[in-house]
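Report on one structure; see the data block that follows.
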Amino acid sequence: MNQKIIQAIQIFSGERYDSCQLDEDALSELITYQKLLKATAKVLWKQKKPDRARLPTEFEKKCQPKVVGIHQGSACVDIEVFEFGNGNECEEAIELVADTIEAINKDTELPKNFPKQLLSLLRQYGKTIKADESIGQITPKRNKAVKYTADSRKRFLEKFNDEPRNLVEVKAEVTMVNVVNQKLQLKLDDGRNVSASFKKDQEKLVTEALMQHQTIRLEISGEATFTLEGELDAMTDIHSLNVTPLQTSNTSTSKQPIWASFQEILNDIPDEILDKLPSDSASELDHYLYGNPKKKNAS
């Protein structure tokens, strides 16, 4: 199957890049840009498939931007990335990052589909740019570079200096409580574990939830942090806690000991049939099942 390869170009402009050489600063910017593309592609994929709790392992391998060449024109760095399957999240990520830089340059609102949880990573991009320098991006849909300058980044940091407040609601099992540090461990429905900070007046409820963790869940709402992939990382401020019973199936509540099941079977067998069963059936099982000589007669 033919694999779709997406290419982008980073252009480092300024006196120190005129000889087409990359210093430590440029390398750090390239690493940040690659991380930004990969993280954006992951979020875009999950937005399209909200029912999937995890990214495919193969996505991690494919969506890995790589430097494949350096050429003149200040210092131009070619970057390519493979699309996963029939998707186009990598190309969308390249264009979205460029759209975001363009919005910063124009001092307009950021694209609505740019993931808020990636603002912290975007703040790291361009931090080595000096006053007379820029980092440009040429994308598959752009022939002209979108340039990021020190002035653009300064305006961006002034406008988005604080971490965004993310409000969430989750249902989870309490698996551990640290009363001293007011921390608890939560097990989400997808099996992942996350930590949460609770207040002093919530201590009694969370400790009781720990004692009853096999039969109840906590409904929690509050502020949270997320990973770059958009997954819940930790609850930083719990606003409200509510206890909800754990939903159990009828089959799980009707289980009984195996000996009781055997007794029910025996109760359905008539006495005249039971009387015909050999008294040595347990010790001579191989004889009655397979016709082997009886152990008593073997000697």
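Lettering and numbering for the structure tokens are positional, with chains as A, B, ... in the shown order, residues counted from 1 in each chain, and ligands counted from 1 in the shown order.
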
request  = Name the residues of range 128-200 of chain A that come out as alpha helix (DSSP H) in a backbone DSSP run; write them as a PyMOL selection string.
outcome  = chain A and resi 150-159

Go ahead and write the selection's residues with N, CA, C and O atoms as a PDB file, in the first residue's frame.
```
ATOM      1  N   ALA A 150      10.195  37.682  16.777  1.00  0.00           N
ATOM      2  CA  ALA A 150      10.260  37.930  18.218  1.00  0.00           C
ATOM      3  C   ALA A 150       9.108  38.825  18.669  1.00  0.00           C
ATOM      4  O   ALA A 150       8.534  38.630  19.745  1.00  0.00           O
ATOM      5  N   ASP A 151       8.746  39.802  17.845  1.00  0.00           N
ATOM      6  CA  ASP A 151       7.633  40.698  18.188  1.00  0.00           C
ATOM      7  C   ASP A 151       6.304  39.941  18.215  1.00  0.00           C
ATOM      8  O   ASP A 151       5.469  40.167  19.093  1.00  0.00           O
ATOM      9  N   SER A 152       6.119  39.031  17.246  1.00  0.00           N
ATOM     10  CA  SER A 152       4.882  38.242  17.213  1.00  0.00           C
ATOM     11  C   SER A 152       4.765  37.380  18.462  1.00  0.00           C
ATOM     12  O   SER A 152       3.704  37.307  19.092  1.00  0.00           O
ATOM     13  N   ARG A 153       5.850  36.752  18.827  1.00  0.00           N
ATOM     14  CA  ARG A 153       5.841  35.884  19.990  1.00  0.00           C
ATOM     15  C   ARG A 153       5.591  36.682  21.268  1.00  0.00           C
ATOM     16  O   ARG A 153       4.884  36.213  22.179  1.00  0.00           O
ATOM     17  N   LYS A 154       6.142  37.881  21.359  1.00  0.00           N
ATOM     18  CA  LYS A 154       5.935  38.720  22.528  1.00  0.00           C
ATOM     19  C   LYS A 154       4.456  39.034  22.706  1.00  0.00           C
ATOM     20  O   LYS A 154       3.907  38.949  23.817  1.00  0.00           O
ATOM     21  N   ARG A 155       3.785  39.377  21.605  1.00  0.00           N
ATOM     22  CA  ARG A 155       2.346  39.672  21.680  1.00  0.00           C
ATOM     23  C   ARG A 155       1.555  38.420  22.090  1.00  0.00           C
ATOM     24  O   ARG A 155       0.595  38.501  22.853  1.00  0.00           O
ATOM     25  N   PHE A 156       1.976  37.293  21.560  1.00  0.00           N
ATOM     26  CA  PHE A 156       1.300  36.037  21.899  1.00  0.00           C
ATOM     27  C   PHE A 156       1.422  35.735  23.393  1.00  0.00           C
ATOM     28  O   PHE A 156       0.436  35.382  24.051  1.00  0.00           O
ATOM     29  N   LEU A 157       2.624  35.886  23.953  1.00  0.00           N
ATOM     30  CA  LEU A 157       2.838  35.590  25.366  1.00  0.00           C
ATOM     31  C   LEU A 157       2.060  36.547  26.258  1.00  0.00           C
ATOM     32  O   LEU A 157       1.571  36.157  27.328  1.00  0.00           O
ATOM     33  N   GLU A 158       1.950  37.789  25.843  1.00  0.00           N
ATOM     34  CA  GLU A 158       1.179  38.763  26.628  1.00  0.00           C
ATOM     35  C   GLU A 158      -0.301  38.398  26.648  1.00  0.00           C
ATOM     36  O   GLU A 158      -0.988  38.613  27.652  1.00  0.00           O
ATOM     37  N   LYS A 159      -0.767  37.837  25.561  1.00  0.00           N
ATOM     38  CA  LYS A 159      -2.192  37.515  25.437  1.00  0.00           C
ATOM     39  C   LYS A 159      -2.531  36.162  26.036  1.00  0.00           C
ATOM     40  O   LYS A 159      -3.629  35.958  26.579  1.00  0.00           O
TER      41      LYS A 159
END
```

Q | strand (DSSP E or B) positions in range 82-295 of chain A, given as a ChimeraX atom specification | A | /A:82,134-138,146-149,166-178,183-188,193-197,216-226,232-245

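Residues in contact with Glu208 in chain A at 10 Å, where only C-alpha atoms are counted and same-chain residues fewer than 6 positions away are skipped, are listed as A:Val174, A:Ile216, A:Val243.
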
Restricting the output to N, CA and C atoms, write the selected residues as a tab-separated table (two decimals), in the first residue's frame.
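Once everything was written out, this is part.tsv:
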```
chain	number	residue	atom	x	y	z
A	174	VAL	N	-12.26	5.35	43.38
A	174	VAL	CA	-11.19	5.80	44.26
A	174	VAL	C	-10.36	4.59	44.69
A	216	ILE	N	-19.27	1.57	44.56
A	216	ILE	CA	-19.69	2.93	44.21
A	216	ILE	C	-18.66	3.60	43.31
A	243	VAL	N	-21.62	10.75	45.11
A	243	VAL	CA	-21.50	9.29	45.08
A	243	VAL	C	-22.60	8.72	44.20
```

Exercise for the section: Write out as a ChimeraX atom specification the residues lying within 10 Å of Leu232 in chain A, counting only C-alpha atoms and excluding same-chain residues fewer than 2 positions away. Expected result: /A:168,170,188,192-195,224-230,234-235

For those residues, write N, CA and C atoms to a file as a PDB file, in the first residue's frame.
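Output (part-v4.pdb):
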```
ATOM      1  N   VAL A 168     -13.930  19.824  33.774  1.00  0.00           N
ATOM      2  CA  VAL A 168     -14.303  18.488  33.319  1.00  0.00           C
ATOM      3  C   VAL A 168     -15.256  17.848  34.328  1.00  0.00           C
ATOM      4  N   VAL A 170     -16.086  13.741  35.470  1.00  0.00           N
ATOM      5  CA  VAL A 170     -15.695  12.343  35.278  1.00  0.00           C
ATOM      6  C   VAL A 170     -16.365  11.464  36.325  1.00  0.00           C
ATOM      7  N   LEU A 188     -10.093   5.556  36.088  1.00  0.00           N
ATOM      8  CA  LEU A 188     -11.125   5.914  35.128  1.00  0.00           C
ATOM      9  C   LEU A 188     -11.716   4.675  34.475  1.00  0.00           C
ATOM     10  N   ARG A 192      -7.219   3.870  32.992  1.00  0.00           N
ATOM     11  CA  ARG A 192      -6.112   4.753  33.341  1.00  0.00           C
ATOM     12  C   ARG A 192      -6.262   5.282  34.761  1.00  0.00           C
ATOM     13  N   ASN A 193      -5.128   5.570  35.393  1.00  0.00           N
ATOM     14  CA  ASN A 193      -5.117   6.129  36.740  1.00  0.00           C
ATOM     15  C   ASN A 193      -4.682   7.584  36.686  1.00  0.00           C
ATOM     16  N   VAL A 194      -5.395   8.441  37.382  1.00  0.00           N
ATOM     17  CA  VAL A 194      -5.039   9.856  37.469  1.00  0.00           C
ATOM     18  C   VAL A 194      -5.128  10.286  38.919  1.00  0.00           C
ATOM     19  N   SER A 195      -4.395  11.328  39.255  1.00  0.00           N
ATOM     20  CA  SER A 195      -4.431  11.852  40.617  1.00  0.00           C
ATOM     21  C   SER A 195      -5.400  13.030  40.700  1.00  0.00           C
ATOM     22  N   ALA A 224      -8.937  20.573  35.562  1.00  0.00           N
ATOM     23  CA  ALA A 224      -8.010  19.489  35.289  1.00  0.00           C
ATOM     24  C   ALA A 224      -6.928  19.936  34.325  1.00  0.00           C
ATOM     25  N   THR A 225      -5.857  19.179  34.314  1.00  0.00           N
ATOM     26  CA  THR A 225      -4.813  19.346  33.308  1.00  0.00           C
ATOM     27  C   THR A 225      -4.863  18.158  32.359  1.00  0.00           C
ATOM     28  N   PHE A 226      -4.352  18.368  31.158  1.00  0.00           N
ATOM     29  CA  PHE A 226      -4.398  17.335  30.133  1.00  0.00           C
ATOM     30  C   PHE A 226      -3.002  17.083  29.574  1.00  0.00           C
ATOM     31  N   THR A 227      -2.806  15.870  29.049  1.00  0.00           N
ATOM     32  CA  THR A 227      -1.567  15.575  28.347  1.00  0.00           C
ATOM     33  C   THR A 227      -1.596  16.259  26.978  1.00  0.00           C
ATOM     34  N   LEU A 228      -0.478  16.241  26.284  1.00  0.00           N
ATOM     35  CA  LEU A 228      -0.416  16.840  24.950  1.00  0.00           C
ATOM     36  C   LEU A 228      -1.335  16.120  23.978  1.00  0.00           C
ATOM     37  N   GLU A 229      -1.675  14.855  24.293  1.00  0.00           N
ATOM     38  CA  GLU A 229      -2.567  14.085  23.428  1.00  0.00           C
ATOM     39  C   GLU A 229      -4.033  14.362  23.742  1.00  0.00           C
ATOM     40  N   GLY A 230      -4.287  15.215  24.739  1.00  0.00           N
ATOM     41  CA  GLY A 230      -5.659  15.563  25.065  1.00  0.00           C
ATOM     42  C   GLY A 230      -6.305  14.646  26.075  1.00  0.00           C
ATOM     43  N   ALA A 234      -4.617  15.065  35.335  1.00  0.00           N
ATOM     44  CA  ALA A 234      -4.832  15.176  36.777  1.00  0.00           C
ATOM     45  C   ALA A 234      -5.953  16.171  37.049  1.00  0.00           C
ATOM     46  N   MET A 235      -6.678  15.935  38.152  1.00  0.00           N
ATOM     47  CA  MET A 235      -7.671  16.883  38.632  1.00  0.00           C
ATOM     48  C   MET A 235      -6.967  17.803  39.614  1.00  0.00           C
TER      49      MET A 235
END
```

Given only C-alpha atoms, how would the per-residue table for range 102-212 of chain A near range 52-57 of chain A read, listing every residue at most 10 Å away with its closest atom pair and distance in Å to one decimal, sorted by chain and number, as JSON lines?
```
{"residue": "A:Asp189", "atom": "CA", "partner": "A:Ala53", "partner_atom": "CA", "distance": 9.6}
{"residue": "A:Asp190", "atom": "CA", "partner": "A:Ala53", "partner_atom": "CA", "distance": 6.6}
{"residue": "A:Gly191", "atom": "CA", "partner": "A:Ala53", "partner_atom": "CA", "distance": 9.6}
{"residue": "A:Arg192", "atom": "CA", "partner": "A:Ala53", "partner_atom": "CA", "distance": 9.8}
```

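Between CA of Ala8 in chain A and CA of Cys20 in chain A the separation is 17.5 Å.
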
Q: Name all residues at most 10 Å from Asp78 in chain A (count only C-alpha atoms; drop same-chain ones fewer than 6 positions away) and give them as an MDAnalysis selection string.
A: chainID A and resid 7:11 66:71 138

Problem set entry | Contacts of His239 in chain A at 8 Å (only C-alpha atoms; same-chain gap of 5+ positions) as a PyMOL selection string | chain A and resi 220-223

Q | Spatial neighbours of Ser13 in chain A, 8 Å, only C-alpha atoms, chain gap at least 2 places, as a ChimeraX atom specification | A | /A:11,15,17-18,74-75,133-136

Just-selected residues, C-alpha atoms written as a compact mmCIF listing (two decimals), in the first residue's frame:
```
# COMPACT_ATOMS: atom_id res chain seq x y z
CA ILE A 11 13.23 28.52 7.28
CA GLU A 15 22.65 36.77 10.03
CA TYR A 17 21.89 31.46 9.45
CA ASP A 18 23.18 33.06 6.24
CA SER A 74 19.13 31.17 4.79
CA ALA A 75 18.85 27.74 6.46
CA GLU A 133 15.45 36.93 12.95
CA SER A 134 12.42 34.84 12.05
CA ILE A 135 11.33 31.24 11.63
CA GLY A 136 9.26 30.64 8.53
```

**Q.** Option closest in space to Gln202 in chain A, from A:Leu167, A:Met176, A:Leu241, A:Cys63 [counting only C-alpha atoms]
**A.**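 Closest residue, counting only C-alpha atoms: A:Leu241.
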
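Computed from the coordinates, the CA of Phe160 in chain A to CA of Glu92 in chain A distance equals 23.0 Å.
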